[in-house]
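Colleague: Take a look at run30.cif, mmCIF, C-alpha atoms:
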data_target
#
loop_
_atom_site.label_atom_id
_atom_site.label_comp_id
_atom_site.auth_asym_id
_atom_site.auth_seq_id
_atom_site.Cartn_x
_atom_site.Cartn_y
_atom_site.Cartn_z
CA MET A 1 7.10 99.13 74.65
CA PRO A 2 4.81 96.13 74.17
CA LEU A 3 7.92 94.03 73.53
CA LEU A 4 9.54 95.26 76.76
CA ALA A 5 6.38 94.32 78.63
CA LEU A 6 6.40 90.84 77.13
CA LEU A 7 10.04 90.38 78.11
CA ALA A 8 9.41 91.51 81.69
CA LYS A 9 8.17 88.06 82.64
CA GLU A 10 10.90 85.99 81.07
CA PRO A 11 13.49 86.13 78.30
CA ALA A 12 12.25 85.13 74.88
CA HIS A 13 13.30 85.01 71.26
CA GLY A 14 11.69 86.97 68.45
CA TYR A 15 9.33 84.31 67.21
CA GLU A 16 8.01 83.62 70.71
CA LEU A 17 7.24 87.33 71.07
CA LYS A 18 5.27 87.31 67.86
CA MET A 19 3.27 84.30 69.02
CA LEU A 20 2.57 85.95 72.35
CA LEU A 21 1.26 89.11 70.67
CA GLU A 22 -1.05 87.05 68.51
CA GLN A 23 -2.26 85.07 71.46
CA ILE A 24 -3.16 88.18 73.47
CA PHE A 25 -4.66 90.37 70.78
CA GLY A 26 -6.03 87.88 68.31
CA GLU A 27 -7.56 89.54 65.28
CA ALA A 28 -8.12 92.75 67.16
CA TYR A 29 -4.66 94.01 66.53
CA PRO A 30 -2.60 93.37 63.47
CA SER A 31 0.46 91.58 64.75
CA PRO A 32 3.75 92.95 63.36
CA ASN A 33 5.67 90.65 61.07
CA ILE A 34 8.75 88.89 62.35
CA GLY A 35 11.07 91.29 60.52
CA GLN A 36 9.57 94.29 62.29
CA ILE A 37 10.00 92.53 65.61
CA TYR A 38 13.70 91.84 64.98
CA VAL A 39 14.33 95.43 63.86
CA THR A 40 12.66 96.71 67.03
CA LEU A 41 14.63 94.31 69.22
CA GLN A 42 17.88 95.51 67.63
CA ARG A 43 16.93 99.11 68.30
CA LEU A 44 16.06 98.31 71.93
CA GLU A 45 19.40 96.56 72.31
CA ARG A 46 21.25 99.53 70.83
CA ASP A 47 19.45 101.76 73.36
CA GLY A 48 20.53 99.45 76.17
CA LEU A 49 17.01 98.39 77.14
CA VAL A 50 17.43 94.71 76.27
CA ALA A 51 20.42 92.39 76.06
CA SER A 52 20.70 89.23 74.00
CA GLN A 53 22.70 86.07 73.79
CA ASP A 54 22.85 83.23 71.36
CA VAL A 55 21.58 79.90 72.53
CA VAL A 56 23.06 76.94 70.79
CA GLN A 57 20.57 74.42 69.48
CA GLN A 58 21.45 70.91 68.36
CA THR A 59 19.32 70.37 65.31
CA ARG A 60 18.48 73.92 64.31
CA PRO A 61 20.33 77.20 63.86
CA ASN A 62 21.17 79.06 67.03
CA LYS A 63 18.50 81.32 68.38
CA ARG A 64 18.99 84.71 69.92
CA VAL A 65 17.23 85.15 73.26
CA TYR A 66 16.46 88.62 74.55
CA GLU A 67 16.01 89.80 78.13
CA LEU A 68 15.29 93.09 79.82
CA THR A 69 18.22 95.12 81.22
CA PRO A 70 17.83 97.17 84.43
CA ALA A 71 17.47 100.27 82.21
CA GLY A 72 14.77 98.43 80.28
CA ARG A 73 12.88 97.74 83.51
CA VAL A 74 13.02 101.44 84.40
CA ALA A 75 11.79 102.46 80.96
CA LEU A 76 8.96 99.94 81.17
CA ALA A 77 7.92 101.11 84.65
CA ASN A 78 7.90 104.73 83.44
CA TRP A 79 5.77 103.81 80.44
CA VAL A 80 3.25 102.01 82.65
CA ASP A 81 3.13 104.90 85.14
CA GLN A 82 2.66 107.73 82.66
CA PRO A 83 -0.85 108.58 81.46
CA SER A 84 -1.02 108.10 77.71
CA GLU A 85 -1.78 110.91 75.33
CA GLY A 86 -5.25 110.89 73.85
CA PRO A 87 -5.62 110.00 70.22
CA ARG A 88 -4.80 112.91 67.99
CA ILE A 89 -7.52 114.18 65.76
CA ARG A 90 -7.13 112.37 62.51
CA ASP A 91 -6.76 115.36 60.39
CA ASP A 92 -6.56 114.04 56.86
CA PHE A 93 -10.29 114.39 56.38
CA PHE A 94 -10.33 117.77 58.07
CA MET A 95 -7.60 118.97 55.74
CA LYS A 96 -9.77 117.95 52.81
CA LEU A 97 -12.75 119.71 54.32
CA ALA A 98 -10.84 122.87 55.06
CA LEU A 99 -8.71 123.02 51.95
CA SER A 100 -10.79 121.49 49.18
CA PRO A 101 -12.41 124.86 48.33
CA LEU A 102 -8.93 126.09 47.43
CA ALA A 103 -8.74 123.26 44.94
CA GLY A 104 -12.04 124.32 43.43
CA ALA A 105 -14.11 121.59 45.11
CA THR A 106 -16.99 123.37 46.80
CA ASP A 107 -19.31 120.47 47.55
CA ARG A 108 -18.57 120.17 51.24
CA LEU A 109 -21.81 118.35 51.92
CA GLY A 110 -20.82 115.69 49.40
CA LEU A 111 -17.45 115.38 51.08
CA ILE A 112 -19.06 114.94 54.49
CA ASN A 113 -21.60 112.46 53.16
CA ARG A 114 -18.93 110.31 51.56
CA GLN A 115 -16.91 110.34 54.76
CA ARG A 116 -19.95 109.37 56.82
CA ARG A 117 -20.67 106.44 54.54
CA GLY A 118 -17.07 105.35 54.87
CA TYR A 119 -17.19 105.54 58.66
CA LEU A 120 -20.45 103.61 58.77
CA ASN A 121 -18.93 100.89 56.62
CA GLN A 122 -15.98 100.69 58.98
CA MET A 123 -18.40 100.52 61.87
CA ARG A 124 -20.13 97.59 60.25
CA GLY A 125 -16.87 95.71 60.02
CA LEU A 126 -15.89 96.46 63.61
CA SER A 127 -19.34 95.53 64.85
CA THR A 128 -19.17 92.18 63.09
CA LEU A 129 -15.71 91.60 64.48
CA ALA A 130 -16.80 92.55 68.02
CA GLY A 131 -19.64 90.07 67.77
CA ALA A 132 -17.24 87.31 66.74
CA THR A 133 -14.65 88.03 69.44
CA GLU A 134 -14.71 86.54 72.92
CA PRO A 135 -14.76 88.96 75.86
CA GLY A 136 -11.23 89.95 76.84
CA VAL A 137 -8.55 92.45 75.91
CA ALA A 138 -9.02 91.88 72.19
CA ARG A 139 -12.67 92.77 72.36
CA LEU A 140 -11.98 95.78 74.56
CA LEU A 141 -9.65 97.06 71.87
CA ILE A 142 -12.35 96.68 69.24
CA GLU A 143 -14.87 98.41 71.49
CA GLY A 144 -12.41 101.25 71.89
CA ALA A 145 -12.15 101.56 68.13
CA ILE A 146 -15.96 101.60 67.92
CA LEU A 147 -16.18 104.43 70.45
CA HIS A 148 -13.58 106.45 68.54
CA LEU A 149 -15.52 105.93 65.35
CA GLN A 150 -18.71 107.07 67.07
CA ALA A 151 -16.90 110.24 68.15
CA ASP A 152 -15.70 110.78 64.57
CA LEU A 153 -19.29 110.55 63.35
CA ASP A 154 -20.53 112.96 66.01
CA TRP A 155 -17.81 115.36 65.02
CA LEU A 156 -18.74 115.02 61.36
CA GLU A 157 -22.22 116.12 62.34
CA ARG A 158 -20.74 119.18 64.00
CA CYS A 159 -18.75 119.97 60.85
CA GLN A 160 -21.94 119.71 58.84
CA GLU A 161 -23.87 122.02 61.15
CA GLU A 162 -21.09 124.56 61.17
CA LEU A 163 -19.80 124.54 57.62
CA VAL A 164 -22.60 123.50 55.31
CA MET B 1 -28.22 122.37 44.50
CA ILE B 2 -30.31 121.58 47.53
CA GLY B 3 -33.13 120.41 45.31
CA ALA B 4 -30.90 117.74 43.85
CA ARG B 5 -30.30 116.34 47.29
CA LEU B 6 -33.94 115.84 48.06
CA ALA B 7 -34.19 112.80 45.88
CA GLY B 8 -36.34 110.30 47.69
CA GLY B 9 -34.60 107.18 46.50
CA ALA B 10 -31.20 106.15 47.72
CA THR B 11 -28.92 107.63 45.15
CA ARG B 12 -25.43 108.81 45.00
CA ILE B 13 -25.29 112.50 45.40
CA ARG B 14 -24.91 114.06 41.99
CA PRO B 15 -24.98 117.81 42.32
CA GLY B 16 -26.79 119.44 39.47
CA VAL B 17 -28.93 116.43 38.68
CA LYS B 18 -32.58 117.19 39.17
CA ALA B 19 -34.52 115.27 41.75
CA PRO B 20 -36.89 112.70 40.31
CA ALA B 21 -40.50 113.80 40.24
CA SER B 22 -41.61 111.10 42.62
CA PRO B 23 -39.70 109.23 45.28
CA ARG B 24 -38.43 105.84 44.28
CA PRO B 25 -38.00 102.74 46.40
CA ALA B 26 -34.45 102.33 47.51
CA GLN B 27 -33.89 99.08 45.76
CA PRO B 28 -35.44 97.01 43.07
CA GLY B 29 -37.08 94.00 44.62
CA HIS B 30 -38.50 95.96 47.53
CA PRO B 31 -42.09 96.97 46.81
CA VAL B 32 -42.92 100.20 48.58
CA LEU B 33 -44.52 99.86 52.00
CA LEU B 34 -44.43 103.48 53.09
CA ARG B 35 -44.26 106.55 50.92
CA ALA B 36 -44.05 110.19 51.92
CA SER B 37 -44.48 112.84 49.23
CA SER B 38 -43.33 116.40 49.80
CA ILE B 39 -44.25 116.37 53.46
CA THR B 40 -43.71 119.43 55.61
CA LYS B 41 -44.38 120.14 59.25
CA ILE B 42 -44.53 123.64 60.63
CA PHE B 43 -44.97 124.17 64.36
CA GLN B 44 -46.49 127.33 65.77
CA ALA B 45 -44.37 128.66 68.60
CA ASP B 46 -44.34 132.00 70.37
CA GLY B 47 -46.44 133.52 67.63
CA GLY B 48 -43.86 132.50 65.02
CA GLN B 49 -43.69 129.57 62.66
CA VAL B 50 -40.98 126.97 63.07
CA PRO B 51 -40.53 124.64 60.13
CA ALA B 52 -39.38 121.24 61.40
CA ILE B 53 -39.73 119.23 58.18
CA ARG B 54 -39.22 121.14 54.97
CA GLY B 55 -40.18 118.95 52.09
CA VAL B 56 -39.25 115.30 52.50
CA ASP B 57 -39.82 112.64 49.85
CA LEU B 58 -39.22 109.14 51.03
CA ALA B 59 -40.10 105.65 49.88
CA LEU B 60 -39.51 102.77 52.22
CA GLY B 61 -39.30 99.33 50.68
CA ARG B 62 -41.10 96.45 52.31
CA GLY B 63 -38.66 94.61 54.55
CA GLN B 64 -36.09 97.37 54.50
CA PHE B 65 -34.07 98.27 57.58
CA VAL B 66 -33.45 102.01 57.49
CA ALA B 67 -31.67 104.30 59.94
CA VAL B 68 -32.21 108.05 60.10
CA MET B 69 -29.33 110.11 61.41
CA GLY B 70 -28.72 113.82 61.77
CA PRO B 71 -27.90 116.51 64.33
CA SER B 72 -30.36 117.22 67.14
CA GLY B 73 -33.00 119.58 65.91
CA SER B 74 -32.74 118.33 62.34
CA GLY B 75 -36.28 116.95 62.42
CA LYS B 76 -35.62 113.23 62.93
CA SER B 77 -38.17 112.66 65.68
CA THR B 78 -40.75 114.85 63.97
CA LEU B 79 -40.38 112.81 60.79
CA LEU B 80 -40.90 109.61 62.75
CA HIS B 81 -44.00 111.05 64.45
CA LEU B 82 -45.45 112.07 61.09
CA LEU B 83 -44.84 108.63 59.61
CA GLY B 84 -46.37 106.93 62.65
CA GLY B 85 -49.45 109.16 62.66
CA LEU B 86 -48.66 110.83 65.97
CA GLU B 87 -48.59 114.20 64.24
CA ARG B 88 -50.28 115.35 61.08
CA PRO B 89 -48.13 116.88 58.35
CA THR B 90 -48.75 120.54 57.45
CA SER B 91 -48.68 119.56 53.79
CA GLY B 92 -47.84 116.55 51.67
CA GLU B 93 -49.12 112.99 51.65
CA ILE B 94 -48.24 109.75 53.43
CA TRP B 95 -49.20 106.38 52.04
CA LEU B 96 -48.91 103.12 53.95
CA ASP B 97 -49.36 99.86 52.08
CA GLY B 98 -51.15 101.57 49.23
CA ARG B 99 -53.50 103.52 51.45
CA ARG B 100 -53.39 107.24 52.22
CA VAL B 101 -52.95 107.64 55.97
CA ASP B 102 -52.08 111.28 56.70
CA THR B 103 -55.76 112.16 56.53
CA LEU B 104 -56.90 109.42 58.93
CA SER B 105 -58.46 110.34 62.26
CA GLN B 106 -56.57 109.66 65.47
CA ALA B 107 -58.94 106.79 66.20
CA ARG B 108 -58.23 105.13 62.84
CA TRP B 109 -54.53 105.62 63.40
CA ALA B 110 -54.80 103.99 66.79
CA VAL B 111 -56.27 100.88 65.15
CA LEU B 112 -53.54 100.91 62.51
CA ARG B 113 -50.81 101.14 65.13
CA ARG B 114 -52.35 98.38 67.19
CA ARG B 115 -52.25 95.98 64.26
CA HIS B 116 -49.53 97.03 61.88
CA VAL B 117 -47.23 99.73 63.20
CA GLY B 118 -45.00 99.37 66.26
CA PHE B 119 -43.75 102.59 67.78
CA VAL B 120 -40.90 102.92 70.29
CA PHE B 121 -40.98 106.35 71.88
CA GLN B 122 -37.91 108.15 73.05
CA PHE B 123 -39.54 108.51 76.46
CA PHE B 124 -41.01 105.00 76.57
CA ASN B 125 -44.64 105.87 77.48
CA LEU B 126 -45.16 102.63 79.40
CA LEU B 127 -48.39 102.05 81.29
CA SER B 128 -47.35 102.75 84.87
CA ASN B 129 -50.11 100.83 86.64
CA MET B 130 -49.29 97.57 84.90
CA THR B 131 -46.38 95.20 85.30
CA VAL B 132 -43.68 94.93 82.68
CA ALA B 133 -45.13 91.59 81.55
CA ASP B 134 -48.62 93.01 81.18
CA ASN B 135 -47.38 96.01 79.21
CA VAL B 136 -45.96 93.65 76.62
CA GLU B 137 -48.76 91.09 76.72
CA LEU B 138 -51.47 93.72 76.36
CA ALA B 139 -49.89 95.00 73.17
CA ALA B 140 -49.93 91.50 71.71
CA LEU B 141 -53.56 90.98 72.74
CA MET B 142 -54.60 94.29 71.22
CA GLY B 143 -52.83 93.26 68.06
CA GLY B 144 -55.16 90.29 67.81
CA ALA B 145 -53.14 87.49 69.42
CA THR B 146 -54.86 84.82 71.52
CA ARG B 147 -54.07 84.74 75.24
CA ARG B 148 -51.73 81.85 74.76
CA GLN B 149 -49.91 83.44 71.82
CA ALA B 150 -49.63 86.72 73.71
CA ALA B 151 -48.11 85.05 76.76
CA GLN B 152 -45.67 83.15 74.60
CA ARG B 153 -44.66 86.26 72.70
CA ARG B 154 -44.20 88.12 75.99
CA ASP B 155 -41.87 85.45 77.38
CA GLU B 156 -39.93 85.30 74.16
CA LEU B 157 -39.34 89.06 74.00
CA LEU B 158 -38.55 89.56 77.67
CA GLY B 159 -36.10 86.69 77.51
CA GLU B 160 -34.46 88.02 74.40
CA LEU B 161 -33.99 91.43 75.96
CA GLY B 162 -32.73 90.13 79.30
CA LEU B 163 -35.81 91.27 81.20
CA ARG B 164 -37.26 87.98 82.41
CA GLY B 165 -36.33 88.79 86.00
CA ARG B 166 -38.20 92.09 85.82
CA ALA B 167 -41.46 90.72 84.42
CA ASP B 168 -43.49 91.40 87.56
CA ALA B 169 -41.99 94.80 88.32
CA ALA B 170 -43.78 98.10 87.82
CA PRO B 171 -42.17 100.17 85.05
CA ALA B 172 -41.30 102.95 87.53
CA ARG B 173 -39.01 100.52 89.39
CA LEU B 174 -36.91 99.95 86.27
CA SER B 175 -33.81 101.78 85.15
CA GLY B 176 -34.00 103.94 82.05
CA GLY B 177 -32.30 101.27 79.99
CA GLU B 178 -34.70 98.58 81.18
CA GLN B 179 -37.73 100.76 80.45
CA GLN B 180 -36.39 101.35 76.99
CA ARG B 181 -36.13 97.63 76.33
CA VAL B 182 -39.67 97.07 77.64
CA ALA B 183 -40.85 99.76 75.24
CA LEU B 184 -39.17 97.90 72.39
CA ALA B 185 -40.65 94.57 73.50
CA ARG B 186 -44.08 96.18 73.61
CA ALA B 187 -43.71 97.68 70.14
CA MET B 188 -42.68 94.30 68.74
CA ALA B 189 -45.29 92.27 70.57
CA ASN B 190 -47.74 92.21 67.68
CA ARG B 191 -45.05 91.62 65.03
CA PRO B 192 -45.83 94.91 63.28
CA SER B 193 -45.13 95.05 59.57
CA LEU B 194 -43.61 98.50 60.22
CA LEU B 195 -41.51 99.23 63.29
CA LEU B 196 -40.72 102.88 64.03
CA ALA B 197 -38.25 103.53 66.82
CA ASP B 198 -36.84 106.74 68.27
CA GLU B 199 -33.32 106.19 69.66
CA PRO B 200 -33.93 102.58 70.73
CA THR B 201 -30.46 102.28 72.28
CA GLY B 202 -30.24 105.80 73.68
CA ASN B 203 -30.05 104.72 77.31
CA LEU B 204 -28.33 101.38 76.96
CA ASP B 205 -24.89 100.10 77.81
CA SER B 206 -23.09 98.13 75.15
CA ALA B 207 -24.27 94.69 76.27
CA ALA B 208 -27.91 95.78 76.28
CA SER B 209 -27.40 97.52 72.92
CA ARG B 210 -26.17 94.24 71.48
CA GLY B 211 -29.38 92.58 72.68
CA VAL B 212 -31.48 95.24 70.96
CA LEU B 213 -29.43 94.94 67.79
CA ARG B 214 -29.85 91.18 67.78
CA LEU B 215 -33.60 91.56 68.13
CA LEU B 216 -33.80 94.15 65.36
CA GLY B 217 -31.65 91.93 63.15
CA ARG B 218 -34.00 89.03 63.68
CA ALA B 219 -37.07 91.19 62.99
CA HIS B 220 -35.41 92.33 59.79
CA ALA B 221 -34.64 88.76 58.81
CA ASP B 222 -38.32 87.93 59.45
CA GLY B 223 -39.26 90.53 56.86
CA GLN B 224 -40.40 93.35 59.13
CA THR B 225 -39.77 96.85 57.88
CA ILE B 226 -37.79 98.97 60.32
CA LEU B 227 -37.23 102.71 60.40
CA LEU B 228 -35.30 104.03 63.34
CA VAL B 229 -33.85 107.32 64.40
CA THR B 230 -30.46 106.95 66.01
CA HIS B 231 -27.25 108.64 67.02
CA ASP B 232 -25.70 105.27 67.70
CA ALA B 233 -23.44 104.47 64.78
CA ARG B 234 -23.42 100.77 65.62
CA VAL B 235 -27.16 100.66 65.21
CA ALA B 236 -27.03 102.78 62.07
CA SER B 237 -24.35 100.56 60.57
CA ALA B 238 -26.56 97.51 61.05
CA ALA B 239 -29.16 99.09 58.76
CA GLU B 240 -29.07 98.49 55.02
CA ARG B 241 -29.93 102.11 54.23
CA VAL B 242 -28.95 105.28 56.06
CA ILE B 243 -30.77 108.58 55.58
CA CYS B 244 -29.35 111.81 56.93
CA LEU B 245 -31.47 114.79 57.81
CA SER B 246 -30.31 118.32 58.25
CA ASP B 247 -32.54 121.26 58.90
CA GLY B 248 -35.69 119.32 58.09
CA MET B 249 -34.44 118.01 54.75
CA VAL B 250 -32.86 114.80 53.49
CA VAL B 251 -29.22 115.54 52.70
CA ASP B 252 -28.02 112.00 52.14
CA ASP B 253 -29.64 108.66 51.40
CA ALA B 254 -27.21 105.80 51.12
CA LEU B 255 -27.45 102.09 50.56
CA MET B 256 -24.83 100.43 52.71
CA GLY B 257 -22.71 97.80 51.08
CA PRO B 258 -20.66 95.11 52.70
CA PRO B 259 -18.29 96.42 55.35
CA GLY B 260 -14.99 97.87 54.30
CA PRO B 261 -12.66 100.53 55.54
CA GLY B 262 -12.50 102.71 52.46
CA PRO B 263 -14.79 105.69 51.99
CA ALA B 264 -15.60 104.43 48.53
CA ALA B 265 -16.87 101.08 49.72
CA GLY B 266 -20.59 100.59 49.68
CA LEU B 267 -21.49 103.65 47.67
CA THR B 268 -22.99 101.71 44.85
CA ALA B 269 -22.69 98.13 45.99
CA PRO B 270 -26.00 96.41 46.58
CA ALA B 271 -26.93 95.93 50.20
CA GLY B 272 -26.13 92.49 51.46
CA PRO B 273 -25.37 90.65 54.64
CA PRO B 274 -22.21 91.91 56.29
CA SER B 275 -19.24 89.83 55.30
CA ALA B 276 -16.04 89.41 57.23
CA LEU B 277 -13.45 92.11 56.84
CA SER B 278 -10.32 90.98 55.11
CA SER B 279 -7.44 90.97 57.51
CA ALA B 280 -5.63 93.62 55.47
CA ALA B 281 -8.67 95.89 55.57
CA LEU B 282 -9.02 95.26 59.26
CA ALA B 283 -5.41 96.07 59.86
CA ARG B 284 -5.91 99.43 58.18
CA VAL B 285 -8.91 100.29 60.31
CA LEU B 286 -7.34 99.28 63.57
CA ARG B 287 -4.08 100.95 62.82
CA LEU B 288 -5.91 104.19 62.17
CA ARG B 289 -7.61 103.80 65.51
CA GLY B 290 -4.80 102.12 67.43
#
Re-express the file's structure as structure tokens.

Modeller:
Amino acid sequence: MPLLALLAKEPAHGYELKMLLEQIFGEAYPSPNIGQIYVTLQRLERDGLVASQDVVQQTRPNKRVYELTPAGRVALANWVDQPSEGPRIRDDFFMKLALSPLAGATDRLGLINRQRRGYLNQMRGLSTLAGATEPGVARLLIEGAILHLQADLDWLERCQEELV
Amino acid sequence: MIGARLAGGATRIRPGVKAPASPRPAQPGHPVLLRASSITKIFQADGGQVPAIRGVDLALGRGQFVAVMGPSGSGKSTLLHLLGGLERPTSGEIWLDGRRVDTLSQARWAVLRRRHVGFVFQFFNLLSNMTVADNVELAALMGGATRRQAAQRRDELLGELGLRGRADAAPARLSGGEQQRVALARAMANRPSLLLADEPTGNLDSAASRGVLRLLGRAHADGQTILLVTHDARVASAAERVICLSDGMVVDDALMGPPGPGPAAGLTAPAGPPSALSSAALARVLRLRG
């Protein structure tokens, strides 16, 4: 979907799309590598959401330029209009918490403590990154990650109250 | 098992290992500024006894920046009040800078707080018949500053916390977040060697929180010792040591290492200034969250 949105303004080739993503999100979002972008574009083309044509270049190999199809515009508009689903509970840790007694590990407090330390370390990194990022969409994304992490820590506290 | 987790020093949790007989400072190189030995606090309520602190051993190194976390009702604020002399422990001892303080009278404690211990209350406790500026300046004067120094310190702190425009206002005219920052400015006015703060960012939006964090970071860099109670993980993650309370007892005491996304990071690494995340590590964190 992000690629469709980028193509809504004007046709572009794969490398331009990668540059655009980097320009908008900066360090806040790991930009996909060029291979991933081409694979996605091929899939979108197969689904009829984008169309492409080769543009002949004099001194370099031809480049393939992609543009949105009418079906692509509809799909993009639908995506923008729909509310997004909330983040799912990341359940890997919860699985450990719930199931580790079966594996003979009974120190749930230790498990929770280790997880908290891990979260706090992540928070440190995000906090540093937020401080080094100019206001804008990139920083908003980092702030979102910080709020999610805060919720994870609050929830960890609940687990501790309830289970330990 | 629980006994093993009461170790006063910051240690990895090793179930089955006995707690050391006396609390240790968290790190070599930090002489102890504040030490609590086996303190308890039992409140009398409705004819019954409610234990709020149930045997805490704690040694705070000079210059350390420590955060206390834990669910509400776990005893965080009570612990802070005991360490700041606002309440007297039911049993146990508290030593500040080599001197036993839990037995001091309220009057002696008041002198100690004026000079050496800054306290930020959860509910601010500002003097309502004085302006914001005077609240801060008075604290500096009572701490022994000259008029000129006090005025300078006041301007510095109000500026740092984005309150310069509110200097002449009465505290009651301020929002909760502004009052909270004034309370912090007041507590820091006399450059206390020990700063105790109860949820210093509890009422703040993220921009104001950043201001508070910056100020705390600078105080830490200046060598002040900071102990704060917080739910705010950003604040806690800025500390070099995080203590978790549950049910009136210490259940975790961790030295924070450099930032990293893995749960294993920082468990045993020495505390240090935060370093930049590697882009691969960052990618992992953000993808988890994205």

Colleague: Closest to chain B among A:Leu120, A:Ala5, A:Leu21, A:Met95, using only C-alpha atoms?

Modeller: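 The closest residue to chain B is A:Leu120.
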
Colleague: Can you build me a table of chain A residues sitting at most 7 Å from chain B, with the closest atom pair per residue and its distance in Å to one decimal, using all atoms listed in the file, sorted by chain and residue number, as a Markdown table?

Modeller:
| residue | atom | partner | partner_atom | distance |
| --- | --- | --- | --- | --- |
| A:Tyr29 | CA | B:Leu286 | CA | 6.6 |
| A:Pro30 | CA | B:Ala283 | CA | 5.3 |
| A:Gly110 | CA | B:Ile13 | CA | 6.8 |
| A:Asn113 | CA | B:Asp252 | CA | 6.5 |
| A:Arg114 | CA | B:Pro263 | CA | 6.2 |
| A:Gln115 | CA | B:Pro263 | CA | 5.8 |
| A:Arg117 | CA | B:Pro263 | CA | 6.5 |
| A:Gly118 | CA | B:Pro263 | CA | 3.7 |
| A:Leu120 | CA | B:Ser237 | CA | 5.3 |
| A:Asn121 | CA | B:Pro259 | CA | 4.7 |
| A:Gln122 | CA | B:Pro261 | CA | 4.8 |
| A:Met123 | CA | B:Ser237 | CA | 6.1 |
| A:Arg124 | CA | B:Ser237 | CA | 5.2 |
| A:Gly125 | CA | B:Pro259 | CA | 4.9 |
| A:Ser127 | CA | B:Arg234 | CA | 6.7 |
| A:Ala145 | CA | B:Arg289 | CA | 5.7 |
| A:Gln150 | CA | B:Ala233 | CA | 5.9 |
| A:Glu157 | CA | B:Pro71 | CA | 6.0 |

Colleague: Name the residues captured by the PyMOL selection byres ((chain A and resi 28) around 8) when it is applied to the shown file; answer as a count of residues only.

Modeller: 10

Colleague: For B:Asp102, which residue among B:Thr146, B:Ser37, B:Gln122, B:Thr131 is the nearest when counting only C-alpha atoms?

Modeller: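 Among B:Thr146, B:Ser37, B:Gln122, B:Thr131, it is B:Ser37 that comes nearest to B:Asp102.
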
Colleague: Quick one: apply the PyMOL selection byres ((chain A and resi 74) around 12) to the file and drop the selected residues here as a ChimeraX atom specification.

Modeller: /A:1,4-5,8,48-50,68-73,75-81

Colleague: If you measure from atom CA of B:Glu199 to atom CA of B:Gly143, what distance in Å do you get, rounded to one decimal?

Modeller: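 Answer for the atom CA of B:Glu199 to atom CA of B:Gly143 separation: 23.5 Å.
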
Colleague: In Å, how far is it from atom CA of B:Gln152 to atom CA of B:Leu138?

Modeller: 12.2 Å

Colleague: Can you list what the PyMOL selection byres ((chain A and resi 19) around 12) grabs from this structure, as an mmCIF file with C-alpha atoms, in the frame of the given file?

Modeller:
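And here's selection_9.cif as it stands now:
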data_model
loop_
_atom_site.group_PDB
_atom_site.id
_atom_site.type_symbol
_atom_site.label_atom_id
_atom_site.label_comp_id
_atom_site.auth_asym_id
_atom_site.auth_seq_id
_atom_site.Cartn_x
_atom_site.Cartn_y
_atom_site.Cartn_z
ATOM 1 C CA LEU A 3 7.920 94.030 73.530
ATOM 2 C CA LEU A 6 6.400 90.840 77.130
ATOM 3 C CA ALA A 12 12.250 85.130 74.880
ATOM 4 C CA HIS A 13 13.300 85.010 71.260
ATOM 5 C CA GLY A 14 11.690 86.970 68.450
ATOM 6 C CA TYR A 15 9.330 84.310 67.210
ATOM 7 C CA GLU A 16 8.010 83.620 70.710
ATOM 8 C CA LEU A 17 7.240 87.330 71.070
ATOM 9 C CA LYS A 18 5.270 87.310 67.860
ATOM 10 C CA LEU A 20 2.570 85.950 72.350
ATOM 11 C CA LEU A 21 1.260 89.110 70.670
ATOM 12 C CA GLU A 22 -1.050 87.050 68.510
ATOM 13 C CA GLN A 23 -2.260 85.070 71.460
ATOM 14 C CA ILE A 24 -3.160 88.180 73.470
ATOM 15 C CA PHE A 25 -4.660 90.370 70.780
ATOM 16 C CA GLY A 26 -6.030 87.880 68.310
ATOM 17 C CA SER A 31 0.460 91.580 64.750
ATOM 18 C CA PRO A 32 3.750 92.950 63.360
ATOM 19 C CA ASN A 33 5.670 90.650 61.070
ATOM 20 C CA ILE A 34 8.750 88.890 62.350
ATOM 21 C CA ILE A 37 10.000 92.530 65.610
#

Colleague: Would you mind writing stretch 34-40 of chain A with N, CA and C atoms, as a tab-separated table (two decimals), in the frame of the given file?

Modeller:
chain	number	residue	atom	x	y	z
A	34	ILE	N	7.57	89.29	61.58
A	34	ILE	CA	8.75	88.89	62.35
A	34	ILE	C	9.93	89.84	62.09
A	35	GLY	N	10.01	90.35	60.86
A	35	GLY	CA	11.07	91.29	60.52
A	35	GLY	C	10.99	92.56	61.36
A	36	GLN	N	9.76	93.08	61.49
A	36	GLN	CA	9.57	94.29	62.29
A	36	GLN	C	9.98	94.03	63.74
A	37	ILE	N	9.66	92.85	64.23
A	37	ILE	CA	10.00	92.53	65.61
A	37	ILE	C	11.52	92.51	65.79
A	38	TYR	N	12.24	91.89	64.84
A	38	TYR	CA	13.70	91.84	64.98
A	38	TYR	C	14.32	93.23	64.88
A	39	VAL	N	13.80	94.06	63.99
A	39	VAL	CA	14.33	95.43	63.86
A	39	VAL	C	14.13	96.19	65.18
A	40	THR	N	12.94	96.02	65.77
A	40	THR	CA	12.66	96.71	67.03
A	40	THR	C	13.58	96.21	68.15
